[in-house]
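Student: Provided herewith: my_file-v1.txt, compact mmCIF, C-alpha atoms.
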```txt
# COMPACT_ATOMS: atom_id res chain seq x y z
CA MET A 288 63.03 19.73 64.61
CA GLU A 289 65.54 18.50 62.06
CA ALA A 290 64.49 18.15 58.44
CA VAL A 291 63.39 14.77 57.12
CA VAL A 292 65.13 13.38 54.04
CA VAL A 293 63.18 10.95 51.85
CA ASP A 294 64.47 8.84 48.97
CA LEU A 295 61.59 7.02 47.26
CA GLY A 296 62.75 4.05 45.24
CA SER A 297 60.95 1.44 43.16
CA LYS A 298 61.80 -1.20 45.75
CA LEU A 299 62.71 0.61 48.95
CA LEU A 300 61.95 3.88 50.67
CA LYS A 301 64.79 5.44 52.64
CA ALA A 302 63.78 8.08 55.16
CA GLY A 303 65.30 9.67 58.21
CA LEU A 304 66.04 12.83 60.14
CA ALA A 305 69.13 14.68 58.99
CA PHE A 306 71.55 15.03 61.90
CA PRO A 307 69.14 14.33 64.78
CA ASP A 308 70.33 14.74 68.37
CA HIS A 309 68.03 12.01 69.60
CA PRO A 310 67.05 9.61 66.82
CA PRO A 311 63.63 8.06 67.51
CA SER A 312 63.12 4.35 67.95
CA LEU A 313 61.08 2.38 65.46
CA GLY A 314 57.56 2.10 66.84
CA LEU A 315 56.48 -0.43 64.23
CA GLY A 316 54.47 -2.57 66.60
CA ASN A 317 51.77 0.06 67.08
CA MET A 318 50.54 0.36 63.50
CA LEU A 319 46.94 1.41 63.12
CA PRO A 320 44.81 0.15 60.21
CA VAL A 321 45.38 2.14 57.05
CA ARG A 322 44.23 1.70 53.48
CA LEU A 323 47.54 0.19 52.44
CA GLU A 324 49.55 -2.27 54.49
CA LEU A 325 53.32 -2.26 54.15
CA LEU A 326 54.98 -5.43 52.90
CA GLY A 327 58.46 -6.52 53.85
CA GLU A 328 60.15 -9.22 55.84
CA GLU A 329 58.37 -11.30 58.46
CA THR A 330 57.32 -8.19 60.38
CA CYS A 331 55.76 -6.88 57.13
CA LEU A 332 56.66 -3.41 58.30
CA GLY A 333 60.30 -2.59 57.77
CA TRP A 334 63.55 -2.00 59.58
CA GLY A 335 66.03 0.73 60.39
CA PHE A 336 69.62 1.38 61.41
CA ARG A 337 71.83 4.14 62.74
CA LEU A 338 74.96 5.47 61.11
CA MET A 339 77.83 7.48 62.51
CA VAL A 340 79.45 9.59 59.81
CA SER A 341 81.38 12.82 59.44
CA TRP A 342 81.55 15.00 56.36
CA SER A 343 84.46 16.74 54.69
CA GLY A 344 85.54 17.09 51.10
CA PRO A 345 86.06 19.48 48.21
CA MET A 346 82.60 21.01 48.57
CA THR A 347 81.84 24.65 47.84
CA MET A 348 79.22 24.60 50.59
CA SER A 349 81.34 25.57 53.55
CA THR A 350 78.69 24.68 56.12
CA ALA A 351 78.77 21.06 54.92
CA ARG A 352 82.46 20.67 55.70
CA ALA A 353 83.74 18.79 58.73
CA VAL A 354 80.27 18.17 60.14
CA ALA A 355 80.12 15.26 62.55
CA HIS A 356 76.58 13.98 62.82
CA GLN A 357 74.46 11.02 63.80
CA VAL A 358 71.95 9.85 61.23
CA PHE A 359 68.97 7.58 61.70
CA VAL A 360 67.69 5.92 58.54
CA GLN A 361 64.55 3.88 58.12
CA ILE A 362 64.34 1.56 55.15
CA ILE A 363 61.05 -0.07 54.21
CA PRO A 364 59.68 -1.69 51.06
CA THR A 365 57.59 0.57 48.85
CA GLN A 366 55.40 -2.35 47.76
CA MET A 367 52.15 -2.43 49.73
CA LYS A 368 49.01 -4.50 50.00
CA ARG A 369 45.62 -2.90 49.47
CA VAL A 370 43.16 -3.55 52.29
CA PRO A 371 39.52 -2.54 52.91
CA GLU A 372 39.34 0.55 55.10
CA ASP A 373 36.46 -0.86 57.18
CA GLU A 374 38.21 -4.13 58.12
CA SER A 375 40.60 -4.68 60.99
CA PHE A 376 44.04 -6.19 60.73
CA ASP A 377 42.74 -9.27 62.57
CA ASP A 378 40.66 -10.23 59.55
CA ASN A 379 42.70 -12.66 57.47
CA SER A 380 40.74 -11.74 54.36
CA ILE A 381 42.84 -8.60 53.88
CA TYR A 382 45.82 -10.70 52.87
CA GLU A 383 43.95 -11.92 49.82
CA GLU A 384 43.93 -8.46 48.29
CA VAL A 385 46.31 -7.38 45.52
CA THR A 386 49.69 -5.77 46.09
CA VAL A 387 50.46 -2.24 44.96
CA ASP A 388 53.74 -0.90 43.59
CA PRO A 389 53.35 2.88 44.00
CA VAL A 390 56.75 3.61 42.42
CA GLU A 391 57.56 2.11 39.02
CA ARG A 392 60.87 2.57 37.22
CA GLY A 393 61.72 5.31 39.72
CA PHE A 394 58.59 7.44 39.24
CA ILE A 395 55.51 7.67 41.47
CA LYS A 396 52.46 6.07 39.84
CA ASP A 397 50.00 5.64 42.73
CA TRP A 398 49.70 8.85 44.72
CA ASP A 399 47.11 7.50 47.18
CA ALA A 400 49.47 4.69 48.13
CA ILE A 401 52.40 7.09 48.50
CA GLU A 402 50.33 9.32 50.74
CA ASP A 403 49.56 6.40 53.05
CA LEU A 404 53.17 5.22 53.02
CA LEU A 405 54.55 8.65 53.84
CA HIS A 406 51.94 9.18 56.53
CA HIS A 407 53.14 6.04 58.28
CA VAL A 408 56.82 6.92 57.92
CA LEU A 409 56.57 10.57 58.95
CA TYR A 410 54.09 10.33 61.81
CA ALA A 411 54.35 6.78 63.16
CA SER A 412 58.08 6.23 62.69
CA LEU A 413 59.87 9.59 62.56
CA GLY A 414 57.87 11.40 65.21
CA TRP A 415 55.99 14.11 63.38
CA GLU A 416 52.88 15.43 65.08
CA ILE A 417 49.77 16.63 63.26
CA GLY A 418 49.79 20.41 63.33
CA ASN A 419 53.51 20.52 64.04
CA GLU A 420 55.01 19.18 60.84
CA GLY A 421 58.59 20.00 59.94
CA GLN A 422 60.68 20.50 56.83
CA ILE A 423 61.29 17.81 54.22
CA LEU A 424 63.77 17.17 51.41
CA PHE A 425 63.09 14.67 48.63
CA THR A 426 65.58 13.13 46.23
CA ASP A 427 64.38 13.56 42.64
CA PRO A 428 64.96 10.72 40.15
CA LEU A 429 66.81 11.76 37.02
CA LEU A 430 64.59 13.40 34.38
CA THR A 431 61.51 13.54 36.61
CA PRO A 432 58.59 15.03 34.63
CA LYS A 433 57.57 18.52 35.74
CA ALA A 434 54.04 17.36 36.52
CA LEU A 435 55.32 14.79 39.03
CA ARG A 436 57.49 17.38 40.79
CA GLU A 437 54.52 19.72 41.07
CA HIS A 438 52.26 16.94 42.35
CA LEU A 439 54.77 16.07 45.07
CA VAL A 440 55.17 19.62 46.36
CA GLN A 441 51.39 20.02 46.28
CA LEU A 442 50.96 16.83 48.31
CA MET A 443 53.47 17.99 50.89
CA PHE A 444 51.97 21.42 51.47
CA GLU A 445 48.27 20.62 51.09
CA LYS A 446 48.09 17.16 52.68
CA PHE A 447 51.04 17.10 55.09
CA ASN A 448 51.19 20.81 55.88
CA VAL A 449 55.01 20.86 55.82
CA SER A 450 56.76 24.04 56.90
CA GLY A 451 59.42 23.77 54.21
CA PHE A 452 60.18 21.72 51.10
CA TYR A 453 63.18 21.08 48.89
CA ALA A 454 64.07 18.53 46.22
CA THR A 455 67.07 17.95 43.99
CA GLU A 456 68.29 15.26 41.61
CA GLN A 457 69.66 11.97 42.86
CA PRO A 458 72.84 12.12 40.72
CA VAL A 459 73.86 15.41 42.34
CA LEU A 460 73.19 14.05 45.82
CA SER A 461 75.10 10.84 45.14
CA LEU A 462 78.15 12.89 44.19
CA TYR A 463 77.79 15.04 47.31
CA ALA A 464 77.92 11.87 49.41
CA ALA A 465 81.17 10.93 47.67
CA GLY A 466 82.68 14.35 48.37
CA ARG A 467 82.30 15.65 44.81
CA ILE A 468 80.33 18.40 43.08
CA SER A 469 81.38 17.33 39.57
CA GLY A 470 81.55 13.86 38.12
CA CYS A 471 79.31 11.22 36.65
CA SER A 472 76.72 9.19 38.53
CA VAL A 473 75.94 5.64 37.40
CA ASP A 474 72.86 4.54 39.34
CA VAL A 475 71.65 0.96 38.89
CA GLY A 476 68.32 0.92 40.69
CA HIS A 477 65.55 -1.63 41.07
CA GLY A 478 63.68 -0.42 38.00
CA LYS A 479 66.11 1.64 35.93
CA ILE A 480 69.68 2.63 35.17
CA ASP A 481 70.47 6.35 35.25
CA ILE A 482 73.72 7.78 33.88
CA ALA A 483 74.14 11.49 34.52
CA PRO A 484 77.09 13.87 34.12
CA VAL A 485 77.13 16.57 36.81
CA ILE A 486 79.16 19.76 36.46
CA GLU A 487 79.50 22.08 39.47
CA GLY A 488 76.40 20.62 41.11
CA ALA A 489 74.19 20.80 38.00
CA VAL A 490 73.01 17.84 35.94
CA HIS A 491 73.89 17.99 32.23
CA TYR A 492 70.47 16.88 30.99
CA ILE A 493 71.25 16.62 27.28
CA ALA A 494 73.98 14.06 27.94
CA SER A 495 72.07 12.17 30.63
CA ARG A 496 70.55 8.78 29.85
CA ARG A 497 67.90 6.63 31.48
CA PHE A 498 67.44 2.94 30.66
CA SER A 499 64.35 1.03 31.73
CA ILE A 500 66.18 -1.98 33.06
CA GLY A 501 67.30 -2.56 36.61
CA GLY A 502 67.48 -4.96 39.50
CA ALA A 503 63.93 -6.19 38.95
CA ASP A 504 64.79 -7.27 35.40
CA LEU A 505 67.88 -9.07 36.67
CA THR A 506 65.73 -10.89 39.22
CA ASN A 507 63.40 -12.03 36.44
CA LEU A 508 66.42 -13.19 34.44
CA LEU A 509 67.68 -15.24 37.37
CA LEU A 510 64.20 -16.71 37.81
CA GLN A 511 64.18 -17.82 34.18
CA GLU A 512 67.67 -19.34 34.43
CA LEU A 513 66.96 -21.16 37.67
CA THR A 514 63.66 -22.49 36.36
CA LYS A 515 65.50 -24.04 33.41
CA SER A 516 68.10 -25.73 35.61
CA ASN A 517 65.70 -26.63 38.44
CA PRO A 518 62.46 -27.57 36.64
CA MET A 519 60.98 -29.38 39.64
CA ILE A 520 61.36 -26.42 42.03
CA ASN A 521 58.54 -23.93 42.56
CA LEU A 522 60.12 -20.47 42.78
CA ASN A 523 58.64 -17.10 43.60
CA LEU A 524 60.12 -13.65 43.01
CA ARG A 525 60.78 -12.96 46.68
CA ASP A 526 62.90 -16.10 47.04
CA VAL A 527 64.73 -15.36 43.79
CA GLU A 528 65.41 -11.77 44.91
CA SER A 529 67.01 -13.17 48.06
CA LEU A 530 69.04 -15.66 46.02
CA LYS A 531 70.23 -12.86 43.73
CA GLU A 532 71.43 -10.76 46.64
CA GLN A 533 73.22 -13.74 48.16
CA PHE A 534 74.73 -15.49 45.13
CA ALA A 535 74.87 -13.13 42.11
CA ILE A 536 78.37 -12.32 40.93
CA CYS A 537 80.07 -10.62 37.99
CA ALA A 538 82.62 -12.57 35.98
CA ASP A 539 86.04 -10.94 35.56
CA ASP A 540 85.45 -10.44 31.85
CA GLU A 541 83.51 -11.80 28.90
CA LEU A 542 85.88 -14.72 28.43
CA ALA A 543 85.54 -15.75 32.07
CA TYR A 544 81.77 -15.64 31.71
CA GLU A 545 81.86 -17.91 28.67
CA LYS A 546 83.96 -20.39 30.65
CA THR A 547 81.25 -20.64 33.31
CA LYS A 548 78.97 -22.14 30.66
CA VAL A 549 81.40 -25.05 30.32
CA SER A 550 82.51 -25.51 33.90
CA CYS A 551 81.10 -23.92 37.03
CA PRO A 552 80.81 -25.33 40.58
CA ASN A 553 77.28 -25.79 41.88
CA GLU A 554 75.97 -24.92 45.31
CA GLU A 555 72.85 -26.16 47.02
CA HIS A 556 70.61 -23.79 48.90
CA THR A 557 67.55 -24.53 51.00
CA LEU A 558 64.61 -22.22 50.35
CA PRO A 559 62.36 -21.02 53.18
CA ASP A 560 59.75 -23.64 52.28
CA GLY A 561 62.29 -26.46 52.52
CA GLN A 562 62.92 -26.99 48.82
CA VAL A 563 66.57 -27.46 47.86
CA ILE A 564 67.78 -25.59 44.80
CA THR A 565 71.06 -25.92 42.90
CA ILE A 566 72.82 -22.71 41.79
CA GLY A 567 75.76 -22.65 39.41
CA ARG A 568 76.46 -20.63 36.29
CA GLU A 569 73.07 -18.86 36.66
CA ARG A 570 74.56 -16.51 39.22
CA TYR A 571 76.94 -15.09 36.61
CA ALA A 572 74.21 -14.24 34.09
CA VAL A 573 72.83 -11.56 36.41
CA GLY A 574 75.96 -9.40 36.41
CA GLU A 575 76.85 -10.16 32.80
CA ALA A 576 73.53 -8.73 31.60
CA LEU A 577 74.65 -5.27 32.71
CA PHE A 578 77.66 -5.44 30.44
CA ARG A 579 75.94 -7.43 27.67
CA PRO A 580 72.23 -6.45 27.56
CA SER A 581 71.72 -8.96 24.73
CA ILE A 582 71.33 -11.53 27.52
CA LEU A 583 68.09 -9.73 28.36
CA GLY A 584 67.11 -9.71 24.70
CA LEU A 585 68.00 -6.03 24.29
CA GLU A 586 69.96 -4.45 21.48
CA ALA A 587 71.97 -2.00 23.53
CA HIS A 588 75.51 -1.24 24.62
CA GLY A 589 76.82 -2.32 27.99
CA ILE A 590 76.83 0.00 30.97
CA VAL A 591 80.44 1.19 30.57
CA GLU A 592 80.06 1.92 26.87
CA GLN A 593 76.83 3.80 27.63
CA LEU A 594 78.72 5.94 30.14
CA VAL A 595 81.48 6.73 27.63
CA ARG A 596 78.91 7.66 24.97
CA CYS A 597 77.11 9.98 27.38
CA ILE A 598 80.31 11.82 28.21
CA SER A 599 81.36 12.05 24.56
CA SER A 600 78.41 14.36 23.86
CA ILE A 601 79.83 16.97 26.27
CA SER A 602 82.58 19.47 25.56
CA SER A 603 85.94 17.72 25.65
CA GLU A 604 87.29 20.13 28.26
CA ASN A 605 85.03 18.44 30.83
CA HIS A 606 85.75 14.80 29.90
CA ARG A 607 88.56 14.20 32.36
CA GLN A 608 86.73 15.82 35.27
CA LEU A 609 83.64 13.70 34.63
CA LEU A 610 85.15 10.33 33.79
CA GLU A 611 87.74 10.40 36.56
CA ASN A 612 85.02 11.09 39.14
CA THR A 613 82.56 8.32 38.36
CA VAL A 614 80.31 7.27 41.24
CA LEU A 615 78.56 3.89 41.30
CA CYS A 616 75.34 3.76 43.29
CA GLY A 617 72.23 1.66 43.67
CA GLY A 618 71.97 -1.69 45.41
CA THR A 619 72.86 -3.67 42.29
CA THR A 620 76.32 -2.07 42.10
CA ALA A 621 77.12 -3.75 45.44
CA MET A 622 77.06 -7.12 43.63
CA ALA A 623 80.25 -9.12 44.13
CA GLY A 624 82.73 -8.40 41.37
CA PHE A 625 80.73 -5.56 39.78
CA GLU A 626 83.14 -2.72 40.54
CA ASN A 627 86.17 -4.71 39.41
CA ARG A 628 84.44 -5.68 36.16
CA PHE A 629 83.36 -2.07 35.63
CA GLN A 630 86.94 -0.84 36.04
CA LYS A 631 88.28 -3.54 33.75
CA GLU A 632 85.76 -2.71 31.04
CA ALA A 633 86.59 0.98 31.50
CA ILE A 634 90.29 0.35 30.85
CA LEU A 635 89.38 -1.46 27.63
CA SER A 636 86.94 1.24 26.49
CA SER A 637 87.50 3.18 23.29
CA SER A 638 87.65 6.49 25.16
CA ALA A 639 90.98 8.31 25.36
CA ILE A 640 90.19 8.98 29.03
CA HIS A 641 89.01 5.92 30.94
CA PRO A 642 86.27 6.11 33.58
CA SER A 643 87.62 5.82 37.10
CA VAL A 644 85.41 4.90 40.04
CA VAL A 645 85.55 7.19 43.06
CA LYS A 646 85.77 5.39 46.39
CA PRO A 647 83.53 6.77 49.17
CA PRO A 648 85.37 8.80 51.81
CA GLU A 649 86.66 6.53 54.58
CA TYR A 650 84.49 8.24 57.17
CA MET A 651 81.34 7.26 55.29
CA PRO A 652 79.53 4.06 56.36
CA GLU A 653 79.91 0.75 54.54
CA ASN A 654 77.54 -0.12 51.70
CA LEU A 655 77.06 3.58 50.96
CA SER A 656 75.99 2.80 47.39
CA MET A 657 72.69 1.40 48.64
CA TYR A 658 71.55 4.75 50.05
CA GLN A 659 74.00 7.23 48.55
CA ALA A 660 71.39 9.70 47.30
CA TRP A 661 69.77 9.74 50.74
CA MET A 662 73.10 10.50 52.39
CA GLY A 663 73.73 13.33 49.94
CA GLY A 664 70.28 14.67 50.74
CA ALA A 665 71.07 14.62 54.46
CA ILE A 666 74.20 16.67 53.75
CA LEU A 667 72.32 19.15 51.55
CA ALA A 668 69.50 19.54 54.10
CA LYS A 669 72.06 21.02 56.48
CA VAL A 670 72.60 23.79 53.94
CA VAL A 671 69.32 24.67 52.23
CA PHE A 672 67.06 24.89 55.27
CA PRO A 673 69.27 26.95 57.62
CA GLN A 674 70.09 29.28 54.72
CA ASN A 675 66.40 29.62 53.75
CA GLN A 676 66.92 28.37 50.21
CA HIS A 677 63.89 26.08 50.44
CA ILE A 678 60.25 26.55 49.48
CA THR A 679 58.24 27.98 52.36
CA LYS A 680 54.50 27.77 52.89
CA ALA A 681 54.28 31.46 51.94
CA ASP A 682 56.16 30.73 48.69
CA TYR A 683 53.76 27.93 47.87
CA ASP A 684 50.63 29.94 48.71
CA GLU A 685 51.78 32.81 46.51
CA ASN A 686 53.08 30.86 43.51
CA GLY A 687 51.47 27.41 43.61
CA PRO A 688 53.20 24.08 42.77
CA ALA A 689 55.17 25.62 39.88
CA ILE A 690 57.46 27.27 42.43
CA VAL A 691 59.34 23.97 42.63
CA HIS A 692 60.93 24.60 39.24
CA ARG A 693 62.32 27.96 40.31
CA LYS A 694 63.60 27.16 43.77
CA CYS A 695 64.56 23.47 43.52
CA PHE A 696 67.25 22.72 40.98
```
When written as structure tokens, how does the structure in this file appear?
Tutor:
Amino acid sequence: MEAVVVDLGSKLLKAGLAFPDHPPSLGLGNMLPVRLELLGEETCLGWGFRLMVSWSGPMTMSTARAVAHQVFVQIIPTQMKRVPEDESFDDNSIYEEVTVDPVERGFIKDWDAIEDLLHHVLYASLGWEIGNEGQILFTDPLLTPKALREHLVQLMFEKFNVSGFYATEQPVLSLYAAGRISGCSVDVGHGKIDIAPVIEGAVHYIASRRFSIGGADLTNLLLQELTKSNPMINLNLRDVESLKEQFAICADDELAYEKTKVSCPNEEHTLPDGQVITIGRERYAVGEALFRPSILGLEAHGIVEQLVRCISSISSENHRQLLENTVLCGGTTAMAGFENRFQKEAILSSSAIHPSVVKPPEYMPENLSMYQAWMGGAILAKVVFPQNQHITKADYDENGPAIVHRKCF
């Protein structure tokens, strides 16, 4: 059985078998009652897709070169709804219970919810059988506390009885997916922004930065702006999230953004409940907030300046290697105009060497930025498990959860 790769995000969970010969179908219609119900689109359960990719690049891991493989990825929301264990799904009262966000700002906060979510994904969707569990690789958010890493490996061996475990940082994996082992990862996630220099496959922690703003904060900003311009419309976060994904755009530069305040064409959009909303300059505020956090009420530098400042704390001999291999990842970076604005701001930066965005290899699938860490994990899984670099059950039994700090880096 191929290893499973899991990328747990604040908004979405990405999971799939690395290089499966026969990717399983999504058996989402046969869900049994569990303590936490998954929330998503109309099915409330999730969706999946298949990707055809091949791998090659300047990697030191020879076994990862020129590998043609078929990958099956399942993407489901991490938000769930708590339900009574003794009630069936036919009872409408369960939908009155509160929702649960088990992952906040990139870190797991509700371990019971995560256990239920992973149980559904691994057994119901990816084909694991109780008593015959396989190997698993997790992507680690930047600067994950040691206690959380230990809790995760403990959960996997003691609750899921995995045969092997590995985890490594998302910035490293995102670079692997782009065909690099050195560079800088700029990850704009749902709940945070991570900027991390990576040198020869190792994160430079002292220079790394995490900012507690992300796509969720941009959604709230858009909600505020749309409420001001459409005071008679009743909006909810789910509708606004959809509007953000459809309409949000980055202005070419600060001057262009200021011009939208004076003149900007409006578009009408019909919400699922039939209300008609008008969208104009509000769409530009979302992207602008990443380059001018003052729009969010924050006293902070924009994302490009933050990147330059991170790199400036590293030895100058590495500056060119890092800045000229900058990888943008996270769903928010797929916003229309974001990459062009990022490059334009980079050219105007005070750094002697300007950040340059690395394009994904042409053989990689479209929209790679949305699941780049997962793809890097799928590549790495082909190395660590066959070469026995992972944590085995014997390792865990002998050393306990702390083994994760010695074998997973």
Student: Put a box with edges along x, y and z around all the listed atoms of range 629-643 of chain A, pad it by 4 Å on each side, then give me its centre and sizes in Å, one decimal, as JSON.
Tutor:
```
{"center_x": 87.2, "center_y": 2.7, "center_z": 30.2, "size_x": 15.6, "size_y": 20.5, "size_z": 21.8}
```
Student: What's the 7 Å shell around range 300-304 of chain A, counting all atoms listed in the file, without same-chain residues fewer than 6 positions away, as a compact mmCIF listing (two decimals) with C-alpha atoms, keeping the file's coordinate frame?
Tutor:
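Result file around12.txt:
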```txt
# COMPACT_ATOMS: atom_id res chain seq x y z
CA GLU A 289 65.54 18.50 62.06
CA ALA A 290 64.49 18.15 58.44
CA VAL A 291 63.39 14.77 57.12
CA VAL A 292 65.13 13.38 54.04
CA VAL A 293 63.18 10.95 51.85
CA ASP A 294 64.47 8.84 48.97
CA VAL A 358 71.95 9.85 61.23
CA PHE A 359 68.97 7.58 61.70
CA VAL A 360 67.69 5.92 58.54
CA GLN A 361 64.55 3.88 58.12
CA ILE A 362 64.34 1.56 55.15
CA ILE A 363 61.05 -0.07 54.21
CA PRO A 364 59.68 -1.69 51.06
CA THR A 365 57.59 0.57 48.85
CA LEU A 413 59.87 9.59 62.56
CA TRP A 661 69.77 9.74 50.74
```
Student: Could you jot down the CA of Asp403 in chain A to CA of Met367 in chain A separation for me, Å, one decimal place?
Tutor: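 Taking CA of Asp403 in chain A as the start and CA of Met367 in chain A as the end point, the length is 9.8 Å.
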Student: So how many Å separate CA of Tyr492 in chain A and CA of Leu610 in chain A, to one decimal?
Tutor: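 Pair CA of Tyr492 in chain A / CA of Leu610 in chain A returns 16.3 Å.
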Student: A:Glu402, A:Asp539, A:Glu611, A:Glu532: which is nearest Pro484 in chain A, counting only C-alpha atoms?
Tutor: A:Glu611
Student: Have a look at A:Ser581, A:Ser495, A:Asn517, A:Ser600 and name the one nearest to Gln562 in chain A; count only C-alpha atoms.
Tutor: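 Of all the options, A:Asn517 lies closest to Gln562 in chain A.
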Student: If you count only C-alpha atoms, which residues fall within 9 Å of Ala633 in chain A, apart from same-chain ones fewer than 4 positions away, as a PyMOL selection string?
Tutor: chain A and resi 591-592+595+628-629+637-638+641-643
Student: Interatomic distance between CA of Ala660 in chain A and CA of Leu460 in chain A?
Tutor: 4.9 Å
Student: Would you mind listing what lies within 10 Å of Tyr571 in chain A as number ranges by chain, with only C-alpha atoms counted and same-chain residues fewer than 3 positions away left out?
Tutor: A: 509, 534-538, 543-545, 547-548, 551, 567-568, 574-576
Student: Give me the residues within 7 Å of range 415-430 of chain A as a list in words, counting all atoms listed in the file and dropping any in the same chain fewer than 4 places off.
Tutor: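 So, after excluding close chain neighbours, the residues are Met288, Ala290, Val291, Val292, Val293, Asp294, Gly393, Leu409, Tyr410, Asn448, Val449, Ser450, Gly451, Phe452, Tyr453, Ala454, Thr455, Glu456, Gln457, Asp481, Ala660, Gly664 and Ala668 of chain A.
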Student: With all heavy atoms as the goal, would you fill in the gaps in range 505-511 of chain A and present it as a CSV table (one decimal), in the frame of the given file?
Tutor:
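Wrote it out as out.csv, contents follow:
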```
chain,number,residue,atom,x,y,z
A,505,LEU,N,66.9,-8.1,36.4
A,505,LEU,CA,67.9,-9.1,36.7
A,505,LEU,C,67.3,-10.2,37.5
A,505,LEU,O,67.7,-11.4,37.4
A,505,LEU,CB,69.1,-8.4,37.4
A,505,LEU,CG,69.8,-7.3,36.6
A,505,LEU,CD1,70.9,-6.8,37.4
A,505,LEU,CD2,70.2,-7.8,35.2
A,506,THR,N,66.4,-9.9,38.4
A,506,THR,CA,65.7,-10.9,39.2
A,506,THR,C,64.9,-11.8,38.3
A,506,THR,O,64.9,-13.0,38.5
A,506,THR,CB,64.8,-10.2,40.3
A,506,THR,OG1,65.6,-9.4,41.2
A,506,THR,CG2,64.1,-11.3,41.1
A,507,ASN,N,64.2,-11.2,37.4
A,507,ASN,CA,63.4,-12.0,36.4
A,507,ASN,C,64.3,-12.9,35.6
A,507,ASN,O,64.0,-14.1,35.3
A,507,ASN,CB,62.5,-11.1,35.5
A,507,ASN,CG,61.4,-10.5,36.3
A,507,ASN,OD1,60.8,-11.1,37.2
A,507,ASN,ND2,61.0,-9.3,35.9
A,508,LEU,N,65.5,-12.4,35.2
A,508,LEU,CA,66.4,-13.2,34.4
A,508,LEU,C,66.9,-14.4,35.3
A,508,LEU,O,67.0,-15.5,34.7
A,508,LEU,CB,67.6,-12.3,34.0
A,508,LEU,CG,68.8,-13.0,33.4
A,508,LEU,CD1,68.4,-13.7,32.1
A,508,LEU,CD2,70.0,-12.1,33.2
A,509,LEU,N,67.2,-14.1,36.5
A,509,LEU,CA,67.7,-15.2,37.4
A,509,LEU,C,66.6,-16.3,37.6
A,509,LEU,O,66.8,-17.5,37.6
A,509,LEU,CB,68.1,-14.7,38.7
A,509,LEU,CG,68.7,-15.7,39.7
A,509,LEU,CD1,69.9,-16.4,39.1
A,509,LEU,CD2,69.1,-15.0,41.0
A,510,LEU,N,65.3,-15.8,37.7
A,510,LEU,CA,64.2,-16.7,37.8
A,510,LEU,C,64.1,-17.6,36.6
A,510,LEU,O,63.9,-18.8,36.7
A,510,LEU,CB,62.9,-15.9,38.0
A,510,LEU,CG,61.6,-16.7,38.0
A,510,LEU,CD1,61.6,-17.7,39.1
A,510,LEU,CD2,60.4,-15.8,38.1
A,511,GLN,N,64.2,-17.0,35.4
A,511,GLN,CA,64.2,-17.8,34.2
A,511,GLN,C,65.3,-18.9,34.1
A,511,GLN,O,65.1,-20.0,33.8
A,511,GLN,CB,64.3,-16.9,33.0
A,511,GLN,CG,63.1,-16.0,32.8
A,511,GLN,CD,63.4,-14.9,31.7
A,511,GLN,OE1,64.3,-15.1,30.9
A,511,GLN,NE2,62.6,-13.9,31.7
```
